[in-house]
Structures are given as structure tokens and as C-alpha cells.
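Data from input27.cif: mmCIF, C-alpha atoms, pLDDT in the B column; chains and numbers go by the auth columns
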data_structure
loop_
_atom_site.group_PDB
_atom_site.id
_atom_site.type_symbol
_atom_site.label_atom_id
_atom_site.label_comp_id
_atom_site.label_asym_id
_atom_site.label_seq_id
_atom_site.Cartn_x
_atom_site.Cartn_y
_atom_site.Cartn_z
_atom_site.B_iso_or_equiv
_atom_site.auth_seq_id
_atom_site.auth_asym_id
ATOM 1 C CA MET A 1 0.000 0.000 0.000 50.00 1 A
ATOM 2 C CA SER A 2 1.315 3.425 -0.951 55.00 2 A
ATOM 3 C CA THR A 3 1.755 6.052 1.757 60.00 3 A
ATOM 4 C CA THR A 4 1.979 8.874 -0.782 65.00 4 A
ATOM 5 C CA PRO A 5 -1.113 11.082 -0.494 67.00 5 A
ATOM 6 C CA SER A 6 -3.296 11.310 -3.571 68.00 6 A
ATOM 7 C CA GLN A 7 -3.278 14.632 -5.402 79.00 7 A
ATOM 8 C CA SER A 8 -6.619 14.219 -7.159 92.00 8 A
ATOM 9 C CA ALA A 9 -10.048 12.742 -6.595 96.00 9 A
ATOM 10 C CA THR A 10 -12.811 11.607 -8.921 97.00 10 A
ATOM 11 C CA LEU A 11 -16.318 12.749 -7.997 98.00 11 A
ATOM 12 C CA ALA A 12 -19.570 11.631 -9.595 98.00 12 A
ATOM 13 C CA ASN A 13 -23.299 11.862 -9.001 98.00 13 A
ATOM 14 C CA VAL A 14 -25.156 8.616 -9.592 98.00 14 A
ATOM 15 C CA THR A 15 -28.887 9.181 -10.075 98.00 15 A
ATOM 16 C CA SER A 16 -31.017 7.028 -7.799 98.00 16 A
ATOM 17 C CA SER A 17 -32.772 4.048 -9.320 98.00 17 A
ATOM 18 C CA ALA A 18 -35.168 1.293 -8.263 97.00 18 A
ATOM 19 C CA SER A 19 -32.992 -1.007 -10.452 98.00 19 A
ATOM 20 C CA SER A 20 -29.389 -1.936 -9.688 98.00 20 A
ATOM 21 C CA VAL A 21 -26.847 0.620 -10.976 98.00 21 A
ATOM 22 C CA THR A 22 -23.067 0.872 -10.851 98.00 22 A
ATOM 23 C CA LEU A 23 -21.697 3.212 -8.187 98.00 23 A
ATOM 24 C CA PHE A 24 -18.010 2.383 -8.794 98.00 24 A
ATOM 25 C CA ALA A 25 -16.370 0.474 -11.640 98.00 25 A
ATOM 26 C CA ALA A 26 -13.640 -1.978 -10.688 98.00 26 A
ATOM 27 C CA SER A 27 -10.243 -0.334 -10.193 96.00 27 A
ATOM 28 C CA GLY A 28 -6.971 -1.915 -9.174 92.00 28 A
ATOM 29 C CA THR A 29 -5.442 1.417 -8.171 94.00 29 A
ATOM 30 C CA VAL A 30 -8.090 2.946 -5.907 96.00 30 A
ATOM 31 C CA LYS A 31 -6.849 4.193 -2.508 97.00 31 A
ATOM 32 C CA ALA A 32 -10.152 5.325 -1.010 98.00 32 A
ATOM 33 C CA ARG A 33 -13.876 5.437 -1.772 98.00 33 A
ATOM 34 C CA THR A 34 -16.761 7.291 -0.161 98.00 34 A
ATOM 35 C CA ILE A 35 -20.527 7.475 -0.711 99.00 35 A
ATOM 36 C CA PHE A 36 -23.028 10.077 0.460 99.00 36 A
ATOM 37 C CA ASN A 37 -26.698 9.084 0.045 98.00 37 A
ATOM 38 C CA ASP A 38 -28.281 12.366 -1.067 98.00 38 A
ATOM 39 C CA SER A 39 -31.770 10.848 -1.220 98.00 39 A
ATOM 40 C CA THR A 40 -34.759 10.466 1.081 98.00 40 A
ATOM 41 C CA ALA A 41 -34.752 6.697 0.365 98.00 41 A
ATOM 42 C CA VAL A 42 -32.488 3.957 1.717 98.00 42 A
ATOM 43 C CA LEU A 43 -29.548 3.061 -0.541 98.00 43 A
ATOM 44 C CA TYR A 44 -28.443 -0.583 -0.583 98.00 44 A
ATOM 45 C CA VAL A 45 -24.762 -0.878 -1.554 99.00 45 A
ATOM 46 C CA LYS A 46 -23.246 -4.161 -2.730 98.00 46 A
ATOM 47 C CA PHE A 47 -19.562 -4.970 -3.089 98.00 47 A
ATOM 48 C CA GLY A 48 -20.099 -6.819 -6.363 98.00 48 A
ATOM 49 C CA ALA A 49 -22.687 -7.021 -9.119 98.00 49 A
ATOM 50 C CA THR A 50 -26.449 -6.575 -8.978 98.00 50 A
ATOM 51 C CA ALA A 51 -27.478 -5.023 -5.682 98.00 51 A
ATOM 52 C CA SER A 52 -30.965 -5.696 -4.350 98.00 52 A
ATOM 53 C CA THR A 53 -32.865 -4.986 -1.147 97.00 53 A
ATOM 54 C CA THR A 54 -32.013 -8.537 -0.028 98.00 54 A
ATOM 55 C CA SER A 55 -28.474 -8.838 -1.468 98.00 55 A
ATOM 56 C CA TYR A 56 -26.247 -6.006 -0.280 98.00 56 A
ATOM 57 C CA THR A 57 -23.176 -5.209 1.814 98.00 57 A
ATOM 58 C CA VAL A 58 -24.134 -1.888 3.424 98.00 58 A
ATOM 59 C CA GLN A 59 -27.481 -0.156 3.941 98.00 59 A
ATOM 60 C CA LEU A 60 -27.309 3.667 3.921 98.00 60 A
ATOM 61 C CA ALA A 61 -30.143 5.719 5.347 98.00 61 A
ATOM 62 C CA SER A 62 -31.104 9.083 3.891 98.00 62 A
ATOM 63 C CA ASN A 63 -28.204 11.572 4.170 98.00 63 A
ATOM 64 C CA ALA A 64 -25.826 8.851 5.398 98.00 64 A
ATOM 65 C CA TYR A 65 -22.109 8.860 4.613 98.00 65 A
ATOM 66 C CA TYR A 66 -19.991 5.739 4.116 98.00 66 A
ATOM 67 C CA GLU A 67 -16.226 5.460 3.930 98.00 67 A
ATOM 68 C CA PHE A 68 -14.809 2.169 2.642 98.00 68 A
ATOM 69 C CA PRO A 69 -12.572 0.457 5.206 97.00 69 A
ATOM 70 C CA GLN A 70 -8.869 -0.111 4.548 97.00 70 A
ATOM 71 C CA PRO A 71 -7.650 -1.954 2.612 96.00 71 A
ATOM 72 C CA VAL A 72 -10.132 -0.532 0.114 97.00 72 A
ATOM 73 C CA TYR A 73 -12.254 -2.937 -1.901 98.00 73 A
ATOM 74 C CA GLY A 74 -11.393 -2.121 -5.526 98.00 74 A
ATOM 75 C CA GLY A 75 -13.976 -4.281 -7.277 98.00 75 A
ATOM 76 C CA LEU A 76 -17.310 -3.369 -8.838 98.00 76 A
ATOM 77 C CA VAL A 77 -19.784 -1.676 -6.463 98.00 77 A
ATOM 78 C CA ASP A 78 -23.498 -1.556 -7.310 98.00 78 A
ATOM 79 C CA GLY A 79 -26.404 0.143 -5.567 98.00 79 A
ATOM 80 C CA ILE A 80 -30.188 0.237 -5.532 98.00 80 A
ATOM 81 C CA TRP A 81 -32.574 2.575 -3.723 98.00 81 A
ATOM 82 C CA ALA A 82 -35.820 1.715 -1.945 98.00 82 A
ATOM 83 C CA ALA A 83 -37.393 4.493 -4.069 97.00 83 A
ATOM 84 C CA ALA A 84 -35.910 6.506 -6.917 97.00 84 A
ATOM 85 C CA ASN A 85 -35.244 10.066 -5.764 96.00 85 A
ATOM 86 C CA GLY A 86 -32.011 11.962 -5.284 98.00 86 A
ATOM 87 C CA ALA A 87 -28.534 10.604 -5.975 98.00 87 A
ATOM 88 C CA ALA A 88 -25.416 9.052 -4.532 98.00 88 A
ATOM 89 C CA ARG A 89 -22.437 11.415 -4.349 98.00 89 A
ATOM 90 C CA VAL A 90 -19.459 9.109 -4.885 98.00 90 A
ATOM 91 C CA THR A 91 -15.781 9.960 -4.573 98.00 91 A
ATOM 92 C CA SER A 92 -12.671 7.897 -5.143 98.00 92 A
ATOM 93 C CA TRP A 93 -8.963 8.612 -5.131 97.00 93 A
#
What would the structure in this file look like if it were written as C-alpha cells?
Amino acid sequence: MSTTPSQSATLANVTSSASSVTLFAASGTVKARTIFNDSTAVLYVKFGATASTTSYTVQLASNAYYEFPQPVYGGLVDGIWAAANGAARVTSW
């Protein structure tokens, strides 16, 4: 693991959906990932493909923030909302 601080971050807004959507593509070089659920609905986050309300890793309430633990999971991350409104504010570096 590198101890050199990152000099840039990638930010994206992922529109909420009642169908599984990709929050983060797989990346072998990611050092950190965060998610902010900017929605009034619960966001179900899955480390892997095809999130559902019964197959997920982390459940984020409205306005919740999640920071991936170290070492950071660099694989595909999908999400699905209980109702489609708002977005996920995702950041990686």
C-alpha cells in the first residue's frame, strides 16, 4: 500500500434508481472510496454485481455517509434505492 497522499479525486453523481446501478467500476489502483446518500430513500450498496434490497453489503439511510474500510475494496460496487429520488455522491482517489 502506498503512503503517498493522492493529489486528485474523482467525484460523480449517480442518479437514484429502483434497479441496480453501478456506483463504482472496478479499479486496481483505488486508494479510497466514499458514498453520500443524497436521497430520502435507503440506498443498498453491494460490493459486487447486482445489488438488491435482499443482497447487499451496506445499507445507507437518507443523508448517510460511508467510507470504505482499509484496505479498500477495488472491485465493482453496485447500488439500488428503496425508491428513486435523489442521488449518490461518490468519490474515489
(message) Assuming the chain letters and numbering stay as they are in my file, what does the PyMOL selection byres ((chain A and resi 37) around 9) actually select? List them as a list in words.
(response) Ile35, Phe36, Asp38, Ser39, Thr40, Ala41, Val42, Leu43, Leu60, Ala61, Ser62, Asn63, Ala64, Tyr65, Tyr66, Gly86, Ala87, Ala88, Arg89 and Val90 of chain A
(message) For this structure, which residues satisfy the selection - the PyMOL selection byres ((chain A and resi 5-22) around 10) - when it is evaluated on the file as given? I want them as a ChimeraX atom specification.
(response) /A:2-4,23-26,30-39,41,43-46,48-53,76-93
Might I get the box with edges along x, y and z of the file that holds all atoms of region 41-45 of chain A listed there, padded by 4 Å on every side, given as centre and edge lengths in Å to one decimal, as JSON?
{"center_x": -29.8, "center_y": 2.9, "center_z": 0.1, "size_x": 18.0, "size_y": 15.6, "size_z": 11.3}
(message) Could you tell me, as a ChimeraX atom specification, exactly which residues end up selected when the PyMOL selection byres ((chain A and resi 70) around 10) is applied to this structure?
(response) /A:1,31-33,67-69,71-73
Hey, could you patch up region 79-92 of chain A with N, CA, C and O atoms and hand it over as a short mmCIF file (atom, residue, chain, number, x, y, z; two decimals), in the coordinates of the input?
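Dumped everything to rebuild.cif:
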data_model
loop_
_atom_site.label_atom_id
_atom_site.label_comp_id
_atom_site.auth_asym_id
_atom_site.auth_seq_id
_atom_site.Cartn_x
_atom_site.Cartn_y
_atom_site.Cartn_z
N GLY A 79 -25.46 -0.36 -6.55
CA GLY A 79 -26.40 0.14 -5.57
C GLY A 79 -27.82 0.14 -6.11
O GLY A 79 -28.03 0.12 -7.32
N ILE A 80 -28.77 0.15 -5.19
CA ILE A 80 -30.19 0.24 -5.53
C ILE A 80 -30.87 0.98 -4.39
O ILE A 80 -30.51 0.81 -3.23
N TRP A 81 -31.84 1.81 -4.72
CA TRP A 81 -32.57 2.58 -3.72
C TRP A 81 -33.95 1.96 -3.47
O TRP A 81 -34.53 1.34 -4.36
N ALA A 82 -34.47 2.18 -2.28
CA ALA A 82 -35.82 1.72 -1.94
C ALA A 82 -36.86 2.46 -2.78
O ALA A 82 -37.93 1.93 -3.08
N ALA A 83 -36.55 3.69 -3.18
CA ALA A 83 -37.39 4.49 -4.07
C ALA A 83 -36.46 5.42 -4.84
O ALA A 83 -35.45 5.87 -4.30
N ALA A 84 -36.79 5.70 -6.07
CA ALA A 84 -35.91 6.51 -6.92
C ALA A 84 -36.16 8.00 -6.70
O ALA A 84 -37.12 8.56 -7.20
N ASN A 85 -35.27 8.61 -5.91
CA ASN A 85 -35.24 10.07 -5.76
C ASN A 85 -33.88 10.45 -5.24
O ASN A 85 -33.30 9.76 -4.42
N GLY A 86 -33.32 11.52 -5.74
CA GLY A 86 -32.01 11.96 -5.28
C GLY A 86 -30.88 11.28 -6.02
O GLY A 86 -31.03 10.85 -7.17
N ALA A 87 -29.73 11.16 -5.35
CA ALA A 87 -28.53 10.60 -5.98
C ALA A 87 -27.56 10.12 -4.91
O ALA A 87 -27.71 10.41 -3.72
N ALA A 88 -26.56 9.40 -5.37
CA ALA A 88 -25.42 9.05 -4.53
C ALA A 88 -24.27 9.95 -4.99
O ALA A 88 -24.00 10.06 -6.18
N ARG A 89 -23.62 10.60 -4.06
CA ARG A 89 -22.44 11.42 -4.35
C ARG A 89 -21.24 10.52 -4.04
O ARG A 89 -21.00 10.21 -2.87
N VAL A 90 -20.55 10.05 -5.08
CA VAL A 90 -19.46 9.11 -4.88
C VAL A 90 -18.13 9.77 -5.19
O VAL A 90 -18.02 10.60 -6.10
N THR A 91 -17.12 9.41 -4.40
CA THR A 91 -15.78 9.96 -4.57
C THR A 91 -14.78 8.84 -4.42
O THR A 91 -14.91 7.98 -3.56
N SER A 92 -13.77 8.86 -5.28
CA SER A 92 -12.67 7.90 -5.14
C SER A 92 -11.37 8.62 -5.42
O SER A 92 -11.33 9.63 -6.11
#
